Amino acid sequence: MTVRALLIEDDETIAEPLVEGLRRYGLTASHVSTGTAGLEGPYGDIVLLDLGLPDMDGIDVCRGIRQVSDVPIIMLTARGEEADRVLGLELGADDYLAKPFSMRELIARIRAVTRRTQRTEAASAMPAAVPHTTAPPPPFFEPEPAPARAPAPAPVQHQTLEGQEPLIVDRRTRQVWVGGTPVALTPKEFELLALLTEDPGAVYSRQQILDRVWDPHFHGPTKTLDVHVATLRRKLGDPAWIQTLRGVGFRLAVHTGVPEAARP
């Protein structure tokens, strides 16, 4: 399957060689030069988003896309401020690339992001039949064997301090509740919380989390993990859910028990 990329970039001297290079690597690339046109879509399979657009800030474009779609987003930026990059990642971008960059590096980032997306989709959907093709796919899109997965567990209830509302994480439906209140999480926030609930109380190192929730080849700032943890604590309503072990990593500080509704 050919990956479809939407490039949102106002500088034609950058956009034209990018589109040509993407097509040379086997992608189907379309290009728009304004944030307004970018928001109209279609987004394709991945969005390459310049932050310095003429009609609106790329951060606002990222926010607008995330309100309606989980399509992977790679930010392309000449901005050197870490705050801009972290904000974009917090709003839902999957990676960023600082200008100037090489086409090989961009393709490597696209490969990593699409690989993560394919793994996430495979975990939450039934396997689909792949149509037979006589010609082999381009090397960039050669499918990787999917690891065997055990059936998703039933919802598990976690509780820490006395009187604290119970936290319920349902990996099958990707839903989370604190008490009886549903908690809306981004895909990355859910994957982070689900990882910590795999072994409540166990400490996961920063590198383990980046490898499992992001990608072993993730090149973004490690501070994005701290941003996601802080946002997750805020959404759960109590920072006690996730403990930081300085210099080691993070853990879900809980005792576990299966709620009656989830018991066989």
# chains A, B, ... in the order shown; residues from 1 in each chain; ligands from 1
>>> residues_around(residues="Leu7 (chain A)", least_positions_apart="2", cutoff="8 Å", atoms="only C-alpha atoms", output="ChimeraX atom specification")
/A:5,9,15,19,29-32,47-49
>>> residues_around(residues="Gly180 (chain A)", least_positions_apart="4", cutoff="10 Å", atoms="only C-alpha atoms", output="JSON, numbers by chain")
{"A": [165, 166, 167, 168, 176]}
>>> atom_distance(atom1="CA of Leu195 (chain A)", atom2="CA of Arg212 (chain A)")
7.9 Å
>>> residues_around(residues="region 40-45 of chain A", least_positions_apart="6", cutoff="6 Å", atoms="only C-alpha atoms", output="mmCIF file with all heavy atoms, in the first residue's frame")
data_model
loop_
_atom_site.group_PDB
_atom_site.id
_atom_site.type_symbol
_atom_site.label_atom_id
_atom_site.label_comp_id
_atom_site.auth_asym_id
_atom_site.auth_seq_id
_atom_site.Cartn_x
_atom_site.Cartn_y
_atom_site.Cartn_z
ATOM 1 N N VAL A 3 1.855 4.942 0.825
ATOM 2 C CA VAL A 3 1.558 5.919 1.867
ATOM 3 C C VAL A 3 1.262 7.268 1.230
ATOM 4 O O VAL A 3 2.007 7.741 0.356
ATOM 5 C CB VAL A 3 2.748 6.042 2.852
ATOM 6 C CG1 VAL A 3 2.534 7.197 3.811
ATOM 7 C CG2 VAL A 3 2.912 4.747 3.619
ATOM 8 N N ARG A 4 0.176 7.884 1.671
ATOM 9 C CA ARG A 4 -0.229 9.196 1.155
ATOM 10 C C ARG A 4 0.175 10.262 2.162
ATOM 11 O O ARG A 4 -0.211 10.201 3.329
ATOM 12 C CB ARG A 4 -1.732 9.232 0.931
ATOM 13 C CG ARG A 4 -2.250 8.197 -0.071
ATOM 14 C CD ARG A 4 -3.738 7.994 0.086
ATOM 15 N NE ARG A 4 -4.058 7.492 1.421
ATOM 16 C CZ ARG A 4 -5.265 7.517 1.939
ATOM 17 N NH1 ARG A 4 -6.276 8.021 1.268
ATOM 18 N NH2 ARG A 4 -5.485 7.035 3.164
ATOM 19 N N ALA A 5 0.949 11.241 1.709
ATOM 20 C CA ALA A 5 1.440 12.302 2.584
ATOM 21 C C ALA A 5 0.855 13.645 2.158
ATOM 22 O O ALA A 5 0.776 13.953 0.967
ATOM 23 C CB ALA A 5 2.968 12.369 2.546
ATOM 24 N N LEU A 6 0.444 14.434 3.162
ATOM 25 C CA LEU A 6 0.015 15.804 2.918
ATOM 26 C C LEU A 6 1.088 16.729 3.467
ATOM 27 O O LEU A 6 1.382 16.713 4.666
ATOM 28 C CB LEU A 6 -1.324 16.101 3.602
ATOM 29 C CG LEU A 6 -1.764 17.584 3.584
ATOM 30 C CD1 LEU A 6 -1.987 18.063 2.156
ATOM 31 C CD2 LEU A 6 -3.018 17.784 4.431
#
>>> residues_around(residues="Thr244 (chain A)", least_positions_apart="3", cutoff="10 Å", atoms="only C-alpha atoms", output="list of chain:residue names")
A:Val203, A:Tyr204, A:Asp226, A:Val229, A:Pro239, A:Ala240, A:Gly247, A:Val248, A:Gly249, A:Phe250, A:Arg251, A:Leu252, A:Ala253
>>> residues_around(residues="Asp60 (chain A)", least_positions_apart="6", cutoff="12 Å", atoms="only C-alpha atoms", output="list in words")
Thr34, Gly35, Thr36, Gly38, Leu39, Leu49, Asp50, Leu51, Gly52, Leu53, Arg66, Gln67, Asp84, Leu87, Gly88, Leu91, Gly92 and Ala93 of chain A
>>> closest_residue(among="A:Val178, A:Leu89, A:Ile65, A:Val71", to="Asp238 (chain A)", atoms="only C-alpha atoms")
A:Val178
>>> residues_around(residues="Glu191 (chain A)", least_positions_apart="2", cutoff="9 Å", atoms="only C-alpha atoms", output="count of residues only")
12
